[in-house]
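entry.csv, holding CSV, C-alpha atoms:
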```csv
chain,number,residue,atom,x,y,z
W,1,MET,CA,91.0,-51.8,102.3
W,2,ASN,CA,89.8,-55.0,104.1
W,3,SER,CA,92.5,-57.7,103.4
W,4,GLN,CA,90.0,-60.5,103.7
W,5,LEU,CA,88.0,-58.9,100.9
W,6,LYS,CA,91.1,-58.7,98.8
W,7,ARG,CA,92.1,-62.3,99.4
W,8,GLY,CA,88.6,-63.5,98.7
W,9,THR,CA,88.5,-61.8,95.3
W,10,LEU,CA,92.0,-62.8,94.4
W,11,GLU,CA,91.1,-66.1,92.9
W,12,LEU,CA,88.4,-64.4,90.8
W,13,CYS,CA,90.9,-61.9,89.5
W,14,VAL,CA,93.6,-64.5,88.7
W,15,LEU,CA,91.2,-66.8,86.9
W,16,SER,CA,89.7,-64.0,84.9
W,17,ILE,CA,93.1,-62.6,83.8
W,18,VAL,CA,94.3,-66.0,82.8
W,19,ASP,CA,91.0,-66.7,81.0
W,20,ARG,CA,91.5,-63.7,78.7
W,21,THR,CA,95.1,-64.6,77.9
W,22,ASP,CA,97.9,-66.9,79.0
W,23,CYS,CA,100.3,-65.1,81.3
W,24,TYR,CA,103.6,-65.7,82.9
W,25,GLY,CA,104.0,-65.1,86.7
W,26,TYR,CA,105.6,-61.7,86.7
W,27,GLU,CA,103.0,-60.3,84.3
W,28,LEU,CA,100.1,-61.7,86.4
W,29,VAL,CA,101.5,-60.3,89.6
W,30,ASN,CA,101.9,-56.9,88.0
W,31,GLN,CA,98.4,-56.8,86.6
W,32,ILE,CA,96.9,-57.7,90.0
W,33,SER,CA,99.0,-55.2,91.9
W,34,ASN,CA,97.7,-52.5,89.6
W,35,CYS,CA,94.2,-53.4,90.6
W,36,MET,CA,94.7,-54.0,94.4
W,37,HIS,CA,97.3,-53.4,97.0
W,38,ILE,CA,98.4,-56.8,98.4
W,39,THR,CA,101.6,-58.6,99.2
W,40,GLU,CA,102.6,-59.5,95.7
W,41,GLY,CA,104.6,-62.6,96.7
W,42,THR,CA,101.4,-64.2,98.1
W,43,ILE,CA,100.0,-64.5,94.6
W,44,TYR,CA,102.3,-67.4,93.9
W,45,PRO,CA,101.0,-69.7,96.6
W,46,LEU,CA,97.5,-69.1,95.2
W,47,LEU,CA,98.8,-70.0,91.7
W,48,LYS,CA,100.3,-73.2,93.0
W,49,ARG,CA,97.1,-74.1,94.7
W,50,LEU,CA,95.0,-73.4,91.6
W,51,LYS,CA,97.3,-75.5,89.6
W,52,GLN,CA,96.9,-78.3,92.1
W,53,ASP,CA,93.2,-78.0,92.0
W,54,GLY,CA,93.3,-78.3,88.2
W,55,CYS,CA,92.0,-74.8,87.5
W,56,ILE,CA,95.1,-73.7,85.7
W,57,ASP,CA,98.0,-75.3,83.9
W,58,SER,CA,101.5,-74.2,83.3
W,59,TYR,CA,103.9,-74.7,80.4
W,60,ILE,CA,107.4,-73.5,79.7
W,61,VAL,CA,108.3,-71.3,76.8
W,62,GLU,CA,112.0,-71.2,75.9
W,63,SER,CA,113.3,-67.9,74.6
W,64,GLN,CA,116.3,-66.9,72.6
W,65,GLU,CA,116.8,-63.4,73.9
W,66,GLY,CA,115.7,-63.9,77.5
W,67,PRO,CA,115.2,-66.5,80.2
W,68,ALA,CA,112.7,-69.3,79.9
W,69,ARG,CA,109.2,-68.4,81.1
W,70,LYS,CA,106.5,-70.4,82.8
W,71,TYR,CA,103.2,-69.5,81.4
W,72,TYR,CA,99.9,-70.2,83.1
W,73,GLN,CA,96.7,-71.0,81.2
W,74,ILE,CA,93.2,-71.7,82.3
W,75,THR,CA,91.7,-75.2,82.1
W,76,ASP,CA,88.1,-76.2,81.5
W,77,THR,CA,87.6,-76.8,85.2
W,78,GLY,CA,89.0,-73.3,85.7
W,79,LYS,CA,86.7,-71.8,83.2
W,80,ASN,CA,83.7,-73.5,84.9
W,81,ASN,CA,84.8,-72.2,88.3
W,82,LEU,CA,85.3,-68.7,86.8
W,83,VAL,CA,81.7,-68.6,85.6
W,84,THR,CA,80.4,-69.7,88.9
W,85,ILE,CA,82.5,-67.3,90.9
W,86,LYS,CA,81.8,-64.4,88.6
W,87,THR,CA,78.0,-64.9,88.8
W,88,GLU,CA,78.3,-65.1,92.6
W,89,TRP,CA,80.4,-61.9,92.6
W,90,TYR,CA,77.9,-59.9,90.5
W,91,GLU,CA,75.0,-61.2,92.6
W,92,PHE,CA,76.9,-60.3,95.8
W,93,VAL,CA,77.8,-56.9,94.7
W,94,ALA,CA,74.3,-56.2,93.5
W,95,ASN,CA,72.8,-57.2,96.8
W,96,ILE,CA,75.3,-55.1,98.8
W,97,ASN,CA,74.6,-52.1,96.6
W,98,LYS,CA,70.9,-52.6,97.1
W,99,LEU,CA,71.4,-52.7,100.8
W,100,LEU,CA,73.5,-49.6,100.8
W,101,GLU,CA,71.1,-47.6,98.7
W,102,GLY,CA,68.4,-48.7,101.1
W,103,GLU,CA,70.4,-47.2,103.9
W,104,THR,CA,71.0,-43.8,102.3
W,105,SER,CA,67.4,-43.4,101.1
W,106,GLN,CA,66.5,-43.4,104.8
X,107,MET,CA,110.2,-58.6,109.2
X,108,LYS,CA,113.5,-59.6,107.7
X,109,GLN,CA,114.4,-57.2,104.9
X,110,CYS,CA,116.1,-59.0,102.0
X,111,ILE,CA,118.2,-57.1,99.7
X,112,ASN,CA,119.0,-59.6,96.9
X,113,LYS,CA,117.5,-62.6,95.2
X,114,ASN,CA,119.6,-65.2,96.9
X,115,GLU,CA,118.8,-63.8,100.4
X,116,PHE,CA,115.1,-63.7,99.5
X,117,ILE,CA,115.0,-67.3,98.3
X,118,GLU,CA,117.1,-68.6,101.1
X,119,GLU,CA,114.9,-66.8,103.7
X,120,LEU,CA,111.8,-68.2,101.9
X,121,LYS,CA,113.2,-71.7,102.0
X,122,LEU,CA,114.0,-71.3,105.7
X,123,GLN,CA,110.5,-70.0,106.6
X,124,LEU,CA,108.9,-72.8,104.6
X,125,ARG,CA,111.0,-75.3,106.3
X,126,ASN,CA,110.0,-73.9,109.7
X,127,LEU,CA,106.4,-74.4,108.7
X,128,GLY,CA,107.0,-77.9,107.6
X,129,ILE,CA,106.5,-77.2,103.9
X,130,ASN,CA,108.8,-78.6,101.3
X,131,ALA,CA,110.3,-75.8,99.3
X,132,ASP,CA,109.9,-77.7,96.0
X,133,SER,CA,111.3,-76.8,92.6
X,134,ASP,CA,107.9,-75.4,91.6
X,135,ILE,CA,108.0,-72.7,94.3
X,136,ILE,CA,111.6,-71.8,93.8
X,137,GLU,CA,111.2,-71.7,90.0
X,138,ASP,CA,108.3,-69.2,90.4
X,139,PHE,CA,110.4,-66.8,92.3
X,140,GLU,CA,113.6,-67.3,90.3
X,141,GLN,CA,111.7,-66.4,87.2
X,142,HIS,CA,110.0,-63.5,88.9
X,143,PHE,CA,113.4,-62.0,89.7
X,144,GLU,CA,114.7,-62.7,86.2
X,145,GLN,CA,111.7,-60.9,84.7
X,146,GLY,CA,112.0,-58.0,87.1
X,147,ILE,CA,115.6,-57.5,86.3
X,148,ALA,CA,114.9,-57.7,82.6
X,149,ALA,CA,112.3,-55.0,83.2
X,150,GLY,CA,115.0,-52.8,84.7
X,151,LEU,CA,114.4,-53.2,88.5
X,152,THR,CA,117.1,-53.9,91.0
X,153,GLU,CA,117.0,-57.1,93.1
X,154,THR,CA,116.3,-55.0,96.2
X,155,GLN,CA,113.3,-53.3,94.6
X,156,ILE,CA,111.9,-56.7,93.5
X,157,CYS,CA,112.3,-58.0,97.1
X,158,GLU,CA,110.4,-54.9,98.4
X,159,GLN,CA,107.6,-55.5,95.9
X,160,LEU,CA,107.3,-59.1,96.6
X,161,GLY,CA,106.8,-58.3,100.3
X,162,ASP,CA,107.4,-60.0,103.6
X,163,VAL,CA,108.8,-63.5,103.2
X,164,SER,CA,107.2,-64.9,106.3
X,165,GLU,CA,103.8,-63.7,105.1
X,166,ILE,CA,104.4,-65.5,101.8
X,167,ALA,CA,105.4,-68.7,103.6
X,168,LYS,CA,102.3,-68.5,105.8
X,169,GLN,CA,100.2,-68.2,102.7
X,170,TYR,CA,101.7,-71.4,101.3
X,171,ALA,CA,100.9,-73.0,104.6
X,172,SER,CA,97.3,-71.8,104.5
X,173,GLU,CA,96.8,-72.9,100.9
X,174,PHE,CA,98.2,-76.4,101.5
X,175,SER,CA,98.5,-77.5,105.1
X,176,GLN,CA,95.9,-78.5,107.6
X,177,PHE,CA,97.7,-77.1,110.6
X,178,SER,CA,98.6,-73.5,110.2
X,179,ASP,CA,97.8,-70.2,111.9
X,180,ASN,CA,96.5,-68.7,108.7
X,181,GLN,CA,94.1,-71.6,108.1
X,182,ASN,CA,92.7,-71.3,111.6
X,183,SER,CA,92.4,-67.6,111.4
X,184,ASN,CA,90.8,-67.9,108.0
X,185,LYS,CA,88.4,-70.3,109.6
X,186,GLU,CA,87.4,-67.7,112.2
X,187,ILE,CA,86.9,-65.1,109.6
X,188,GLN,CA,84.9,-67.6,107.6
X,189,ASP,CA,82.6,-67.8,110.5
X,190,GLN,CA,82.2,-64.1,110.4
X,191,ASN,CA,81.8,-64.1,106.7
X,192,ASN,CA,79.2,-66.8,106.9
X,193,ASP,CA,76.7,-64.2,107.7
X,194,MET,CA,77.8,-62.1,104.8
X,195,SER,CA,77.9,-65.0,102.4
X,196,ALA,CA,81.2,-63.7,101.3
X,197,TYR,CA,83.1,-65.8,98.8
X,198,SER,CA,86.6,-66.8,100.0
X,199,SER,CA,89.6,-67.9,98.0
X,200,SER,CA,90.1,-71.0,100.2
X,201,GLY,CA,86.7,-72.2,99.0
X,202,GLN,CA,85.3,-73.2,102.4
X,203,GLN,CA,81.7,-74.0,102.6
X,204,THR,CA,79.5,-71.5,104.5
X,205,GLY,CA,76.2,-72.2,106.2
X,206,GLN,CA,73.7,-70.2,104.3
X,207,SER,CA,75.4,-70.1,101.0
X,208,ASP,CA,73.5,-72.4,98.7
X,209,GLY,CA,74.7,-70.3,95.9
X,210,PHE,CA,78.3,-71.0,96.8
X,211,GLN,CA,78.3,-74.7,96.3
X,212,ASN,CA,81.8,-75.8,95.3
X,213,GLN,CA,81.5,-78.1,92.4
X,214,THR,CA,85.1,-79.0,91.7
X,215,ALA,CA,87.0,-81.8,93.3
X,216,GLY,CA,89.9,-79.5,93.8
X,217,GLN,CA,88.0,-77.1,95.9
X,218,GLN,CA,86.4,-80.0,97.8
X,219,SER,CA,89.9,-81.1,98.7
X,220,THR,CA,90.6,-77.8,100.3
X,221,MET,CA,87.3,-78.0,102.1
X,222,GLN,CA,88.4,-81.3,103.5
X,223,TYR,CA,91.3,-79.5,105.1
X,224,SER,CA,89.1,-77.1,106.9
X,225,ASN,CA,86.4,-79.6,107.9
X,226,LYS,CA,88.8,-82.1,109.4
X,227,LYS,CA,88.6,-82.2,113.1
X,228,SER,CA,91.8,-81.1,114.8
X,229,GLY,CA,92.3,-83.7,117.5
X,230,ILE,CA,95.2,-85.2,119.3
X,231,ASN,CA,97.3,-87.6,117.2
X,232,VAL,CA,97.8,-90.4,119.7
X,233,SER,CA,100.3,-92.6,117.9
X,234,GLY,CA,102.3,-89.5,117.0
X,235,LEU,CA,102.3,-88.4,120.6
X,236,ILE,CA,103.6,-91.8,121.8
X,237,GLY,CA,106.3,-91.8,119.2
X,238,LEU,CA,107.3,-88.2,120.2
X,239,ILE,CA,107.5,-89.1,123.9
X,240,CYS,CA,109.8,-92.1,123.1
X,241,LEU,CA,111.9,-89.9,120.9
X,242,ASP,CA,112.1,-87.2,123.6
X,243,VAL,CA,112.9,-89.5,126.5
X,244,PHE,CA,115.4,-91.8,124.7
X,245,VAL,CA,117.1,-89.5,122.3
X,246,LEU,CA,116.5,-85.8,122.7
X,247,SER,CA,116.8,-85.8,126.5
X,248,TRP,CA,120.5,-86.4,126.2
X,249,ALA,CA,121.2,-85.3,122.6
X,250,ILE,CA,120.0,-81.7,122.9
X,251,PRO,CA,121.7,-80.9,126.3
X,252,SER,CA,125.0,-82.5,125.0
X,253,LEU,CA,124.8,-80.4,121.9
X,254,GLY,CA,124.1,-77.4,123.9
X,255,ALA,CA,127.0,-78.1,126.2
X,256,VAL,CA,129.4,-78.5,123.3
X,257,ILE,CA,128.2,-75.2,121.9
X,258,ILE,CA,128.6,-73.4,125.2
X,259,SER,CA,132.1,-74.7,125.6
X,260,TYR,CA,132.9,-73.7,122.1
X,261,CYS,CA,131.7,-70.2,122.9
X,262,CYS,CA,134.1,-70.1,125.8
X,263,ILE,CA,137.0,-70.3,123.4
X,264,PRO,CA,136.7,-66.9,121.8
X,265,LEU,CA,135.8,-65.5,125.2
X,266,SER,CA,138.9,-66.7,126.9
X,267,LEU,CA,141.1,-66.0,123.9
X,268,SER,CA,139.9,-62.4,123.9
X,269,LEU,CA,140.5,-62.0,127.6
X,270,ALA,CA,144.0,-63.5,127.2
X,271,GLY,CA,144.6,-61.1,124.4
X,272,VAL,CA,143.5,-58.0,126.4
X,273,VAL,CA,145.6,-59.1,129.4
X,274,SER,CA,148.6,-59.7,127.1
X,275,ILE,CA,148.4,-56.3,125.5
X,276,PHE,CA,148.1,-54.5,128.8
X,277,SER,CA,150.4,-56.8,130.7
X,278,ASP,CA,152.9,-54.1,131.3
X,279,ALA,CA,150.3,-51.6,132.5
X,280,ILE,CA,148.6,-54.2,134.8
X,281,ASN,CA,151.9,-55.2,136.3
X,282,SER,CA,152.9,-51.6,137.2
X,283,PHE,CA,149.5,-51.2,139.0
X,284,THR,CA,149.3,-54.4,140.9
X,285,ASN,CA,153.0,-55.2,141.8
X,286,GLN,CA,153.0,-57.9,144.5
X,287,TRP,CA,149.6,-59.4,144.7
X,288,PHE,CA,149.0,-60.0,141.0
X,289,MET,CA,151.5,-60.4,138.2
X,290,VAL,CA,151.1,-61.1,134.5
X,291,VAL,CA,154.0,-63.4,133.7
X,292,THR,CA,154.9,-64.3,130.1
X,293,PRO,CA,158.1,-65.8,128.7
X,294,PHE,CA,158.2,-63.0,126.1
X,295,HIS,CA,159.6,-59.6,125.7
X,296,PRO,CA,157.0,-56.9,126.6
X,297,VAL,CA,156.7,-55.8,123.0
X,298,THR,CA,156.0,-59.3,121.9
X,299,ASN,CA,153.2,-59.4,124.5
X,300,VAL,CA,151.4,-56.6,122.8
X,301,PHE,CA,151.5,-58.1,119.4
X,302,LEU,CA,150.6,-61.6,120.7
X,303,GLY,CA,147.7,-60.0,122.5
X,304,ILE,CA,146.5,-58.4,119.2
X,305,ALA,CA,146.8,-61.7,117.4
X,306,LEU,CA,144.8,-63.4,120.2
X,307,LEU,CA,142.1,-60.8,119.9
X,308,ALA,CA,141.9,-61.2,116.1
X,309,ILE,CA,141.6,-65.0,116.3
X,310,SER,CA,139.0,-64.7,119.1
X,311,GLY,CA,137.1,-62.2,116.8
X,312,LEU,CA,136.9,-64.7,114.0
X,313,LEU,CA,135.9,-67.5,116.3
X,314,ALA,CA,133.2,-65.3,117.9
X,315,VAL,CA,131.7,-64.6,114.5
X,316,LEU,CA,131.5,-68.4,113.9
X,317,ALA,CA,130.1,-68.9,117.4
X,318,VAL,CA,127.2,-66.5,116.7
X,319,LYS,CA,126.3,-68.4,113.5
X,320,ILE,CA,126.4,-71.7,115.4
X,321,VAL,CA,124.2,-70.4,118.2
X,322,LYS,CA,121.7,-69.0,115.7
X,323,GLY,CA,121.7,-72.3,113.8
X,324,PHE,CA,121.1,-74.2,117.1
X,325,ILE,CA,118.2,-71.9,118.1
X,326,ASN,CA,116.6,-72.5,114.6
X,327,ILE,CA,117.0,-76.2,115.1
X,328,ILE,CA,115.2,-76.0,118.4
X,329,LYS,CA,112.5,-73.9,117.0
X,330,SER,CA,111.9,-76.3,114.1
X,331,LEU,CA,111.9,-79.2,116.5
X,332,VAL,CA,109.3,-77.5,118.7
X,333,ASN,CA,107.1,-76.7,115.7
X,334,TRP,CA,107.4,-80.2,114.5
X,335,HIS,CA,106.4,-81.6,117.9
X,336,ILE,CA,103.4,-79.3,118.0
X,337,ARG,CA,102.3,-80.2,114.5
X,338,VAL,CA,102.6,-83.9,115.0
X,339,THR,CA,100.4,-83.7,118.1
X,340,GLY,CA,97.9,-81.7,116.2
X,341,GLY,CA,98.2,-78.2,117.4
X,342,LYS,CA,98.8,-74.8,115.9
X,343,ASN,CA,102.3,-73.7,115.0
X,344,VAL,CA,104.1,-71.3,117.3
```
Using structure tokens, write down the structure that the file contains.
Amino acid sequence: MNSQLKRGTLELCVLSIVDRTDCYGYELVNQISNCMHITEGTIYPLLKRLKQDGCIDSYIVESQEGPARKYYQITDTGKNNLVTIKTEWYEFVANINKLLEGETSQ
Amino acid sequence: MKQCINKNEFIEELKLQLRNLGINADSDIIEDFEQHFEQGIAAGLTETQICEQLGDVSEIAKQYASEFSQFSDNQNSNKEIQDQNNDMSAYSSSGQQTGQSDGFQNQTAGQQSTMQYSNKKSGINVSGLIGLICLDVFVLSWAIPSLGAVIISYCCIPLSLSLAGVVSIFSDAINSFTNQWFMVVTPFHPVTNVFLGIALLAISGLLAVLAVKIVKGFINIIKSLVNWHIRVTGGKNV
């Protein structure tokens, strides 16, 4: 699958996962790799950039049984961005589908 | 692609690649990957498997460069693809503005900051260039060759020791072949020669291993210097 397409939708995927529930890095990477085939390690640079842009935040949760985990949560800025990107995505997909159906009906 | 087989190798390689791209491998980045490995191990995977899943370290490093730096291959190639995607009005993760995409206005300051990186003209940094020329003429022009010369002379040590070792081991055989015109003379008993030769070979072996590391390190330094020069003057990384 086109890698530019994957990278373009990655931010949308990350934000929507984190919007539903706070996640730690490993969990997030697994969920995304279930959905698309990308170099998993490259999700972390995206997370760092999203954090710098103020779309997500992180906090540490200490644990008795296991190691401490850094959880990511979405911010209000992130929520707003997510709404925008989601709308654009649905619009985009609808337009492409319309175009494709136009092709096949000919 | 360097295949890492454990966590430390992966993280060290990542630090090296980031450094080559001029990115500070800060605690945030390292923490992310340390924790990823911890979680993976807790889930029952081996470090090697986790390394494989995470993927190519240089690709990851380039991704950091593209998300944060203004002068990187990835950013520039993203830009080209952006121009292609302009026509498709595709949404991209680096949030760059496209010509016909009114629907894709980026509202947030954060995304505007990444836009700044892509909109900034890539010109020649003149003061940097002058500074670099001074550095090159007054310092690097003698420092680098001297260092190179020292390293070359160091490399000669294991070479000559190994030759001496071989000659010593086979001194008896050599002498019986060449007789008058070439003699290997040592103050030792023939048997001592053999063992001395073996010892010399062993020492030269150890020194050779060190020499390889030193040469590799030197080459890395040169590479980083070249990349740094290129970046300061405003070009793409090699």
Report, in Å with one decimal, the straight-line distance from CA of Pro67 (chain W) to CA of Ala171 (chain X).
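These two atoms are separated by 29.0 Å.
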Nearby residues (all atoms listed in the file) at most 9 Å from region 19-35 of chain W, same-chain spacing under 6 positions excluded, as a PyMOL selection string:
(chain W and resi 10+13+41+43-44+47+58+69-75+78-79+82) or (chain X and resi 138-139+141-143+145-146)
Would you put the residues from that selection into a file with C-alpha atoms, as an mmCIF file, in the coordinates of the input?
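The resulting file, result24.cif, is reproduced below:
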```cif
data_model
loop_
_atom_site.group_PDB
_atom_site.id
_atom_site.type_symbol
_atom_site.label_atom_id
_atom_site.label_comp_id
_atom_site.auth_asym_id
_atom_site.auth_seq_id
_atom_site.Cartn_x
_atom_site.Cartn_y
_atom_site.Cartn_z
ATOM 1 C CA LEU W 10 92.000 -62.800 94.400
ATOM 2 C CA CYS W 13 90.900 -61.900 89.500
ATOM 3 C CA GLY W 41 104.600 -62.600 96.700
ATOM 4 C CA ILE W 43 100.000 -64.500 94.600
ATOM 5 C CA TYR W 44 102.300 -67.400 93.900
ATOM 6 C CA LEU W 47 98.800 -70.000 91.700
ATOM 7 C CA SER W 58 101.500 -74.200 83.300
ATOM 8 C CA ARG W 69 109.200 -68.400 81.100
ATOM 9 C CA LYS W 70 106.500 -70.400 82.800
ATOM 10 C CA TYR W 71 103.200 -69.500 81.400
ATOM 11 C CA TYR W 72 99.900 -70.200 83.100
ATOM 12 C CA GLN W 73 96.700 -71.000 81.200
ATOM 13 C CA ILE W 74 93.200 -71.700 82.300
ATOM 14 C CA THR W 75 91.700 -75.200 82.100
ATOM 15 C CA GLY W 78 89.000 -73.300 85.700
ATOM 16 C CA LYS W 79 86.700 -71.800 83.200
ATOM 17 C CA LEU W 82 85.300 -68.700 86.800
ATOM 18 C CA ASP X 138 108.300 -69.200 90.400
ATOM 19 C CA PHE X 139 110.400 -66.800 92.300
ATOM 20 C CA GLN X 141 111.700 -66.400 87.200
ATOM 21 C CA HIS X 142 110.000 -63.500 88.900
ATOM 22 C CA PHE X 143 113.400 -62.000 89.700
ATOM 23 C CA GLN X 145 111.700 -60.900 84.700
ATOM 24 C CA GLY X 146 112.000 -58.000 87.100
#
```
Residues of chain W were defined as contacting chain X if any atom lay at most 8 Å from it, counting all atoms listed in the file; please report them as a PyMOL selection string.
chain W and resi 7-11+25-26+39-42+44-46+48-49+52-54+67-70+77+81+88-89+92
Using CA of His37 (chain W) and CA of Leu5 (chain W) as the two end points, give the distance in Å to one decimal.
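Separation between CA of His37 (chain W) and CA of Leu5 (chain W): 11.5 Å.
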Please provide the set of residues having any atom within 12 Å of Asn114 (chain X), restricted to all atoms listed in the file, with same-chain residues fewer than 3 positions apart removed, written as a PDB file with C-alpha atoms, keeping the file's coordinate frame.
```pdb
ATOM      1  CA  CYS X 110     116.100 -59.000 102.000  1.00  0.00           C
ATOM      2  CA  ILE X 111     118.200 -57.100  99.700  1.00  0.00           C
ATOM      3  CA  ILE X 117     115.000 -67.300  98.300  1.00  0.00           C
ATOM      4  CA  GLU X 118     117.100 -68.600 101.100  1.00  0.00           C
ATOM      5  CA  GLU X 119     114.900 -66.800 103.700  1.00  0.00           C
ATOM      6  CA  LEU X 120     111.800 -68.200 101.900  1.00  0.00           C
ATOM      7  CA  LYS X 121     113.200 -71.700 102.000  1.00  0.00           C
ATOM      8  CA  ILE X 136     111.600 -71.800  93.800  1.00  0.00           C
ATOM      9  CA  PHE X 139     110.400 -66.800  92.300  1.00  0.00           C
ATOM     10  CA  GLU X 140     113.600 -67.300  90.300  1.00  0.00           C
ATOM     11  CA  PHE X 143     113.400 -62.000  89.700  1.00  0.00           C
ATOM     12  CA  GLU X 153     117.000 -57.100  93.100  1.00  0.00           C
ATOM     13  CA  THR X 154     116.300 -55.000  96.200  1.00  0.00           C
ATOM     14  CA  ILE X 156     111.900 -56.700  93.500  1.00  0.00           C
ATOM     15  CA  CYS X 157     112.300 -58.000  97.100  1.00  0.00           C
TER      16      CYS X 157
END
```
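Going from CA of Ser310 (chain X) over to CA of Ser268 (chain X), you cover 5.4 Å.
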Residues within 9 Å of Pro296 (chain X), please, as a list in words. Count all atoms listed in the file; anything in the same chain fewer than 5 positions from it doesn't count.
Ser274, Ile275, Ser277 and Asp278 of chain X
Write out as a ChimeraX atom specification which residues come within 12 Å of Ile304 (chain X) when counting only C-alpha atoms, dropping same-chain ones fewer than 5 positions away.
/X:267-276,297-299,309-311
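For Leu312 (chain X), the non-local neighbours within 12 Å, defined as residues at least 3 positions apart in the same chain or in other chains and counting only C-alpha atoms, are Cys261, Ile263, Pro264, Leu265, Leu267, Ser268, Ala305, Leu306, Leu307, Ala308, Ile309, Val315, Leu316, Ala317, Val318 and Lys319 of chain X.
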Using the selection just defined, write its residues with C-alpha atoms as a short mmCIF file (atom, residue, chain, number, x, y, z; two decimals), in the frame of the given file.
```
data_model
loop_
_atom_site.label_atom_id
_atom_site.label_comp_id
_atom_site.auth_asym_id
_atom_site.auth_seq_id
_atom_site.Cartn_x
_atom_site.Cartn_y
_atom_site.Cartn_z
CA CYS X 261 131.70 -70.20 122.90
CA ILE X 263 137.00 -70.30 123.40
CA PRO X 264 136.70 -66.90 121.80
CA LEU X 265 135.80 -65.50 125.20
CA LEU X 267 141.10 -66.00 123.90
CA SER X 268 139.90 -62.40 123.90
CA ALA X 305 146.80 -61.70 117.40
CA LEU X 306 144.80 -63.40 120.20
CA LEU X 307 142.10 -60.80 119.90
CA ALA X 308 141.90 -61.20 116.10
CA ILE X 309 141.60 -65.00 116.30
CA VAL X 315 131.70 -64.60 114.50
CA LEU X 316 131.50 -68.40 113.90
CA ALA X 317 130.10 -68.90 117.40
CA VAL X 318 127.20 -66.50 116.70
CA LYS X 319 126.30 -68.40 113.50
#
```
